[in-house]
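Below: the structure, in C-alpha cells.
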Amino acid sequence: MSQAKPLTMNREQLSLQAAQDRRSRALWQDAVRYLLRDRLTMLAVTLLSFLTLLSFVGAPVAARLLDIDYTKTNTPNQFQPPNFAPIYETSWTSIGADGLQHHVSQMASVLPFYGETEYTGKWGGHILGTDNVGRDQFVRLLYGGQVSLLIAIITSILSLILGVALGLLGGYFGGILDDVLVWFITTVNSIPGIFLLIVTASLFGQDPRTLILILVFYGWLLPCRLVRGEVISLKQREYILAALAVGAPRLRILAVHLLPNVFYIAVVSLSIHAGTLILIEAGLSFLGLGVAEPQPTWGNMLSKARSYFTRGQYLVYWPGIMITMTVLSLYLLGDGIRDALDPRTSRR
Amino acid sequence: MGIFVIRRLIQAIPTFFGITFFSFMLIILAPGDPVSLITFSPDSSPETAERLRKQLGLDRPPLIQYVSWLVGNDFIIEDRHEFFISMMPSSSLQLLPEENIPNSVDHVYGSRKGLLRGDLGNSIGHKRPVFHMILERVPATLQLSVASLIMGLALGLPLGAYAAVHQGGVVDQFARFISVIGVAIPQFWLGLILIVIFAVNWDLLPMFGMRDPTSTGFELADRLSRMIMPVTVLSLSGIATLSRYLRSSVLEALGEDYVRTASAKGLVHRRVIWGHAVRNGLLPVATILGPTLGALLSGSVIVEQVFSWPGMGRMIITAATQRDYPVVMGSVVIVSVLFIIGVLLSDILYAWLDPRVKYGESS
C-alpha cells in the first residue's frame with residue numbers, strides 16, 4: 001500500500017527528497033538496498049540461513065558428535081523422553097563388596113556425584129527423545145530439513161523455469177500454443193489441488209525425485225499464468241514496437257526486452273512458491289504419500305503422530321515448528337522482495 | 001444477466017471434459033493395475049486375473065476405456081455375451097440352452113452406462129456403485145467445508161474491514177499476524193496440536209470422529225463439539241485469505257474519488273467508511289469465494305485424515321493406492337463439479353453485484 005506523502009515538508013525534508021530524487025540507481029540495486037533496510041525481511045533471511053545451515057551442516061555434525069545413525073531402528077529404545085545429560089561412571093574399587101554394587105549403582109543413577117562417580121567426558125541420552133521405533137528425534141529433525149528444503153528449492157526453481165518459458169512463449173506468440181496452454185491451466189486448476197496430488201503421488205511411487213517431478217508438473221501453472229498475463233500487456237508497449245521496427249528478431253525481443261520485465265514475477269513467486277511447496281510436501285508425507293521412511297522429512301515424522309498422543313507428545317511439536325518457521329520466513333522474504341521491487345511502495 | 005450465466009456455463013463444458021480426460025489418462029497410464037491388487041490371493045490364477053481384466057475392459061486401449069467410461073459399454077452386447085460364456089465352466093454351459101445365455105448381466109461390474117448417462121460405474125474393490133459410495137461421504141466433507149467457509153466469512157470479513165479502517169492499529173497488527181500465521185502453519189500439524197491440548201491433556205473435546213459411536217440418535221451437542229477443532233483448523237486459512245483480501249480492497253476503495261466526494265458533501269465519517277468504502281471493498285471478495293471453497297475442499301482432505309472425519313478424503317486416498325479407478329474418477333469428478341459450481345456461483349454473484357463486470361465481458 002502506498003502511503004500518502006505529507007502535504008507539507010520543511011526545508012530539510014525537501015532537500016533530502018531532492019537528494020533522493022537525484023540519486024539514480026538501477027532497479028535491482030535499489031531493491032537490494034531496500035531489502036537490507038527491511039528488518040522483518042532480514043530476520044526472515046537470517047532464520048532461513050540458520051535453518052539451512054542446521055540441516056545441511058548441523059545434521060551430519062550432530063550425527064557424528066552424538067554417534068547416532070538416524071535410520072537405525074532400535075525398538076526397545078522407543079519413546080524415550082527428551083533427556084540429555086553427562087554420563088558418570090562409578091569406580092567400584094573403593095566399594096569392594098559385590099553385594100553392594102547393585103545398591104550403589106541404583107543410588108548413583110539418582111545422585112550423579114554419589115561416592116566415587118566420575119564424569120567420563122561423554123554425554124548421552126536423546127535431546128528430543130526417540131520415536132516409535134527408537135530413532136533419535138533430534139538428528140532426524142535436522143536431516144528432515146535437508147529433504148524438505150531441497151525438494152522445495154529444486155521444485156520451485158524448475159517450475160519457475162518451465163513456467164516463465166512457457167508463459168513467455170504463449171503470451172508472446174499466442175495462437176494455438178497459447179490456447180492449449182490456457183485450456184490446460186484452466187483444466188488443472190479446476191481440480192482442487194490436493195486431490196490431484198494425492199492421486200498422482202499414490203500412483204507414482206514415493207521417491208523424492210518422483211515427488212519433485214510431480215510437484216513441478218503442477219507447480220509451473222501459476223508462474224506461467226502470471227507471466228503470460230504480463231507479457232500480453234507488455235507486448236502492446238511502444239518499446240516492443242520500436243524494437244520490432246528496427247528489425248530485432250523475435251527471440252531477441254523475448255530474451256532482452258520481455259524477460260527482464262517479467263523476471264520480477266519469477267523472483268517474487270520463487271520464495272512464496274517454495275513456502276507453499278514445503279507445506280504440500282509435508283502434507284503429502286503426513287498422509288504417507290510423500291517421501292517414504294526411513295528417509296526423514298518434517299512431514300513424514302508426523303505421519304504416525306496420532307499413535308504418539310499418549311506416549312510421546314514431545315514428538316508432535318518440533319517438526320511442525322520447523323515447518324512453520326521455514327514457511328513463515330519464505331513468505332516474509334517473498335513479501336519483502338515484492339515490496340522492494342514494487343515501484344509504488346514508498347521508499348524511506 | 002441470463003446471457004452471462006449461459007456463457008459461463010458453456011465455458012465450463014470443455015473444462016469439465018478436460019478434467020475427466022486428464023485424470024483418466026493419469027490413472028490408466030500409471031504403473032500397477034487394480035486387478036493384481038484385488039486378486040492378490042494365493043489361489044488366484046493368471047487366467048482369473050486375465051478374465052477379470054478383460055471383464056473390466058482394462059485390456060483395451062486407454063482412449064477406448066475413456067470413451068466407455070464416458071458413454072458406457074452396455075450397448076456392446078456381443079462382448080459381454082462372450083464374457084459370460086468365457087466365465088462359465090464349460091460343463092455348465094452345455095446344460096444351458098443357447099437362448100438362456102443372458103445379454104445383460106447386471107452384476108458384472110465391468111458394465112456401466114457411462115458418466116454422461118449419470119453412471120459413475122462400480123467400485124472394483126467394493127463391488128458397489130461409486131455414486132452411492134460418494135453420496136455417503138460427500139455430506140461430511142461439505143459439512144466441514146461449508147461450516148469453515150461460514151466461519152471464515154463471519155470472522156475474516158469484519159476483521160479485514162476493521163483492520164483497513166484502523167490501519168496500523170492493534171487490530172490491524174493482529175489481522176496481519178493471523179493472515180501470515182494462517183497460511184504458514186501446516187493444517188495437519190495445527191490439528192494435531194489442538195488434539196494434544198484440548199482432547200488429550202485437558203480432555204475438553206472429543207478427540208476425533210464425526211459422532212459418538214455409542215449413541216444411535218442425533219445429538220446436536222455431540223455433533224457440534226466434534227466440529228469445533230476441525231472447523232477451527234480449516235477456517236483459519238479462510239480467515240487469513242478473506243481478511244487480507246478485504247483489507248487491501250477496502251484500502252483501495254478508501255483512496256477512490258467517491259469516498260472523497262462523500263466526505264466532501266459532509267457525510268458522517270461512519271457512513272463514509274461503512275456505507276461507501278467497505279461496501280465497495282466487499283465487491284471483489286465475491287470473486288475469491290470460489291477459490292476459497294476449493295482451498296477448503298483441498299484442506300478438508302488432510303484435516304479429515306487428522307480427525308478421522310468420514311469424508312471424501314480417506315476414501316480417495318485408499319482408492320488411489322488400490323488403483324480403484326472408478327472410485328478415484330468419481331471422486332475427482334464430483335469434487336471438481338462442486339468446485340466449478342462454487343467458482344461459477346461466485347462469478348455470477350460478482351456480476352450481479354457489480355454490473356461493470358457483465359458489460360465488460362460482453363463488449
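Numbering starts fresh at 1 for the residues of each chain in the C-alpha cells, the chains themselves are lettered A, B, ... in the order given, and ligands are numbered from 1 as they appear.
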- Task: Pull out every residue of chain A sitting within 6 Å of chain B, counting only C-alpha atoms, and send them as a PyMOL selection string.
- Result: chain A and resi 187+191-192+194+199+202-203+320+324+327-328
Using only C-alpha atoms, which protein or nucleic acid residues come within 10 Å of Ala63 (chain A)? Drop anything in the same chain fewer than 4 positions from it, and give the result as a ChimeraX atom specification.
/A:58-59,67-70,136,138-140,142-143
Only C-alpha atoms, please: the residues just picked out, written as a JSON list (two decimals), in the first residue's frame.
```
[["chain", "number", "residue", "atom", "x", "y", "z"],
["A", 58, "GLY", "CA", 24.37, -29.30, 11.58],
["A", 59, "ALA", "CA", 22.83, -32.66, 10.78],
["A", 67, "ASP", "CA", 27.32, -41.04, 17.37],
["A", 68, "ILE", "CA", 23.78, -41.63, 16.11],
["A", 69, "ASP", "CA", 22.63, -43.37, 12.95],
["A", 70, "TYR", "CA", 19.38, -41.67, 12.08],
["A", 136, "ASP", "CA", 16.78, -40.23, 17.73],
["A", 138, "PHE", "CA", 16.81, -34.60, 17.15],
["A", 139, "VAL", "CA", 19.12, -35.93, 14.44],
["A", 140, "ARG", "CA", 16.15, -36.97, 12.33],
["A", 142, "LEU", "CA", 17.93, -31.99, 11.34],
["A", 143, "TYR", "CA", 18.15, -34.48, 8.47]]
```
- request: For region 70-72 of chain B, list every protein, DNA or RNA residue within 10 Å, evaluated using only C-alpha atoms, and leave out those in the same chain fewer than 5 positions away; present the list as a list in words.
  value: Phe17, Thr20, Phe21, Ile64, Gln65, Gly110, Ser111, Arg112, Lys113, Gly114, Leu115, Leu116, Arg117, Gly118, Asp119, Leu120 and Gly121 of chain B
| request: Tell me, in Å to one decimal, how far CA of Ala305 (chain A) is from CA of Phe198 (chain B). | output: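 Separation between CA of Ala305 (chain A) and CA of Phe198 (chain B): 15.8 Å.
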Counting only C-alpha atoms, closest pick from B:Ser237, B:Thr287, B:Asn122, B:Thr261 relative to Asp347 (chain B) is B:Thr287
Check: Can you tell me, as an NGL selection string, what residues are no more than 8 Å from Val285 (chain B) when counting only C-alpha atoms, ignoring any on the same chain fewer than 6 positions away?
Finding: :B and (242 or 245-246)
Save the residues we just selected, C-alpha atoms, as a JSON list (two decimals), in the first residue's frame?
```json
[["chain", "number", "residue", "atom", "x", "y", "z"],
["B", 242, "LEU", "CA", -10.51, -13.25, 3.31],
["B", 245, "TYR", "CA", -8.12, -9.56, 0.67],
["B", 246, "LEU", "CA", -10.86, -7.37, 2.13]]
```
Atom pair CA of Lys235 (chain A) + CA of Tyr172 (chain A), distance 7.0 Å
_Of the listed residues B:Val278, B:Leu194, B:Val303, B:Ile228, that which approaches Tyr317 (chain A) most closely, counting only C-alpha atoms_ =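 Answer, going by the shortest atom-to-atom distance: B:Leu194.
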- Going by DSSP on the backbone, which bits of region 251-344 of chain A are alpha helix (DSSP H)? Write them as a count of residues only, please. 58
Smallest atom-to-atom distance to Ser123 (chain B): which of B:Ile341, B:Val327, B:Val146, B:Leu349, using only C-alpha atoms?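 Among the listed residues, the smallest separation from Ser123 (chain B) belongs to B:Val327.
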* Mind pulling up the distance from CA of Met315 (chain B) to CA of Val130 (chain B)? ->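 Between these atoms lies a distance of 10.9 Å.
Across A:Leu258, A:Leu65, A:Gly145, A:Pro60, the tightest approach to Trp298 (chain A) is made by A:Gly145 when counting only C-alpha atoms.
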Can you pull out the residues contacting Pro208 (chain A)? Cut-off 8 Å, using only C-alpha atoms, and skip same-chain residues under 5 positions away; I want them as a list in words.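 Neighbouring residues, sequence-local ones excluded: Val147, Ile151, Gly290 and Val291 of chain A.
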Please provide as an mmCIF file with all heavy atoms, in the first residue's frame all residues within 12 Å of Phe174 (chain B), with the sequence filter that same-chain residues fewer than 6 positions apart are discarded (counting only C-alpha atoms).
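File written: part32.cif
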```cif
data_model
loop_
_atom_site.group_PDB
_atom_site.id
_atom_site.type_symbol
_atom_site.label_atom_id
_atom_site.label_comp_id
_atom_site.auth_asym_id
_atom_site.auth_seq_id
_atom_site.Cartn_x
_atom_site.Cartn_y
_atom_site.Cartn_z
ATOM 1 N N GLY B 156 -13.493 -13.397 9.203
ATOM 2 C CA GLY B 156 -12.487 -12.764 8.351
ATOM 3 C C GLY B 156 -12.911 -11.403 7.824
ATOM 4 O O GLY B 156 -12.110 -10.472 7.781
ATOM 5 N N LEU B 159 -12.914 -8.599 10.467
ATOM 6 C CA LEU B 159 -11.515 -8.357 10.832
ATOM 7 C C LEU B 159 -10.809 -7.534 9.757
ATOM 8 O O LEU B 159 -10.145 -6.540 10.048
ATOM 9 C CB LEU B 159 -10.811 -9.700 11.028
ATOM 10 C CG LEU B 159 -9.400 -9.653 11.584
ATOM 11 C CD1 LEU B 159 -9.408 -9.142 12.997
ATOM 12 C CD2 LEU B 159 -8.758 -11.036 11.539
ATOM 13 N N GLY B 160 -11.014 -7.948 8.498
ATOM 14 C CA GLY B 160 -10.356 -7.248 7.397
ATOM 15 C C GLY B 160 -10.831 -5.810 7.279
ATOM 16 O O GLY B 160 -10.023 -4.886 7.105
ATOM 17 N N TYR B 162 -12.228 -3.882 9.593
ATOM 18 C CA TYR B 162 -11.799 -3.079 10.733
ATOM 19 C C TYR B 162 -10.314 -2.750 10.624
ATOM 20 O O TYR B 162 -9.887 -1.632 10.893
ATOM 21 C CB TYR B 162 -12.091 -3.824 12.035
ATOM 22 C CG TYR B 162 -12.031 -2.951 13.248
ATOM 23 C CD1 TYR B 162 -13.150 -2.239 13.659
ATOM 24 C CD2 TYR B 162 -10.845 -2.802 13.961
ATOM 25 C CE1 TYR B 162 -13.097 -1.402 14.760
ATOM 26 C CE2 TYR B 162 -10.780 -1.965 15.062
ATOM 27 C CZ TYR B 162 -11.906 -1.275 15.464
ATOM 28 O OH TYR B 162 -11.848 -0.444 16.540
ATOM 29 N N ALA B 163 -9.532 -3.755 10.183
ATOM 30 C CA ALA B 163 -8.093 -3.542 10.050
ATOM 31 C C ALA B 163 -7.787 -2.460 9.028
ATOM 32 O O ALA B 163 -6.888 -1.643 9.213
ATOM 33 C CB ALA B 163 -7.409 -4.854 9.658
ATOM 34 N N ALA B 164 -8.572 -2.431 7.933
ATOM 35 C CA ALA B 164 -8.317 -1.436 6.890
ATOM 36 C C ALA B 164 -8.681 -0.046 7.388
ATOM 37 O O ALA B 164 -7.963 0.923 7.148
ATOM 38 C CB ALA B 164 -9.118 -1.779 5.640
ATOM 39 N N HIS B 166 -8.871 1.039 10.474
ATOM 40 C CA HIS B 166 -7.934 1.485 11.505
ATOM 41 C C HIS B 166 -6.559 0.973 11.152
ATOM 42 O O HIS B 166 -5.970 0.169 11.882
ATOM 43 C CB HIS B 166 -8.368 0.971 12.872
ATOM 44 C CG HIS B 166 -9.728 1.427 13.243
ATOM 45 N ND1 HIS B 166 -9.967 2.572 13.966
ATOM 46 C CD2 HIS B 166 -10.955 0.918 12.961
ATOM 47 C CE1 HIS B 166 -11.265 2.733 14.121
ATOM 48 N NE2 HIS B 166 -11.890 1.748 13.522
ATOM 49 N N GLN B 167 -6.052 1.448 10.026
ATOM 50 C CA GLN B 167 -4.786 0.945 9.522
ATOM 51 C C GLN B 167 -3.657 1.243 10.509
ATOM 52 O O GLN B 167 -3.533 2.363 11.000
ATOM 53 C CB GLN B 167 -4.481 1.603 8.178
ATOM 54 C CG GLN B 167 -3.442 0.861 7.393
ATOM 55 C CD GLN B 167 -3.035 1.638 6.173
ATOM 56 O OE1 GLN B 167 -3.615 2.669 5.878
ATOM 57 N NE2 GLN B 167 -2.032 1.157 5.470
ATOM 58 N N GLY B 168 -2.856 0.218 10.803
ATOM 59 C CA GLY B 168 -1.721 0.397 11.694
ATOM 60 C C GLY B 168 -2.058 0.209 13.158
ATOM 61 O O GLY B 168 -1.179 0.254 14.003
ATOM 62 N N VAL B 180 -0.655 -14.065 8.269
ATOM 63 C CA VAL B 180 0.628 -14.718 7.985
ATOM 64 C C VAL B 180 0.655 -16.120 8.587
ATOM 65 O O VAL B 180 0.986 -17.107 7.928
ATOM 66 C CB VAL B 180 1.797 -13.859 8.518
ATOM 67 C CG1 VAL B 180 3.095 -14.593 8.335
ATOM 68 C CG2 VAL B 180 1.846 -12.543 7.794
ATOM 69 N N ILE B 181 0.245 -16.196 9.862
ATOM 70 C CA ILE B 181 0.258 -17.486 10.556
ATOM 71 C C ILE B 181 -0.712 -18.465 9.886
ATOM 72 O O ILE B 181 -0.412 -19.642 9.695
ATOM 73 C CB ILE B 181 -0.115 -17.271 12.040
ATOM 74 C CG1 ILE B 181 1.064 -16.699 12.792
ATOM 75 C CG2 ILE B 181 -0.578 -18.552 12.688
ATOM 76 C CD1 ILE B 181 2.234 -17.643 12.916
ATOM 77 N N GLY B 182 -1.879 -17.938 9.502
ATOM 78 C CA GLY B 182 -2.925 -18.798 8.943
ATOM 79 C C GLY B 182 -2.495 -19.539 7.696
ATOM 80 O O GLY B 182 -2.980 -20.633 7.422
ATOM 81 N N ALA B 240 -7.656 -16.003 7.148
ATOM 82 C CA ALA B 240 -6.432 -15.329 6.713
ATOM 83 C C ALA B 240 -6.602 -14.721 5.321
ATOM 84 O O ALA B 240 -6.361 -13.524 5.118
ATOM 85 C CB ALA B 240 -5.271 -16.313 6.715
ATOM 86 N N SER B 243 -9.629 -11.966 5.192
ATOM 87 C CA SER B 243 -9.379 -10.696 5.875
ATOM 88 C C SER B 243 -8.318 -9.889 5.136
ATOM 89 O O SER B 243 -8.434 -8.683 4.966
ATOM 90 C CB SER B 243 -8.961 -10.933 7.325
ATOM 91 O OG SER B 243 -7.700 -11.534 7.374
ATOM 92 N N ARG B 244 -7.306 -10.595 4.637
ATOM 93 C CA ARG B 244 -6.244 -9.893 3.941
ATOM 94 C C ARG B 244 -6.757 -9.261 2.645
ATOM 95 O O ARG B 244 -6.434 -8.130 2.301
ATOM 96 C CB ARG B 244 -5.132 -10.881 3.629
ATOM 97 C CG ARG B 244 -3.884 -10.176 3.235
ATOM 98 C CD ARG B 244 -2.743 -11.113 3.208
ATOM 99 N NE ARG B 244 -1.539 -10.350 2.985
ATOM 100 C CZ ARG B 244 -0.331 -10.854 3.061
ATOM 101 N NH1 ARG B 244 -0.174 -12.096 3.366
ATOM 102 N NH2 ARG B 244 0.720 -10.103 2.828
#
```
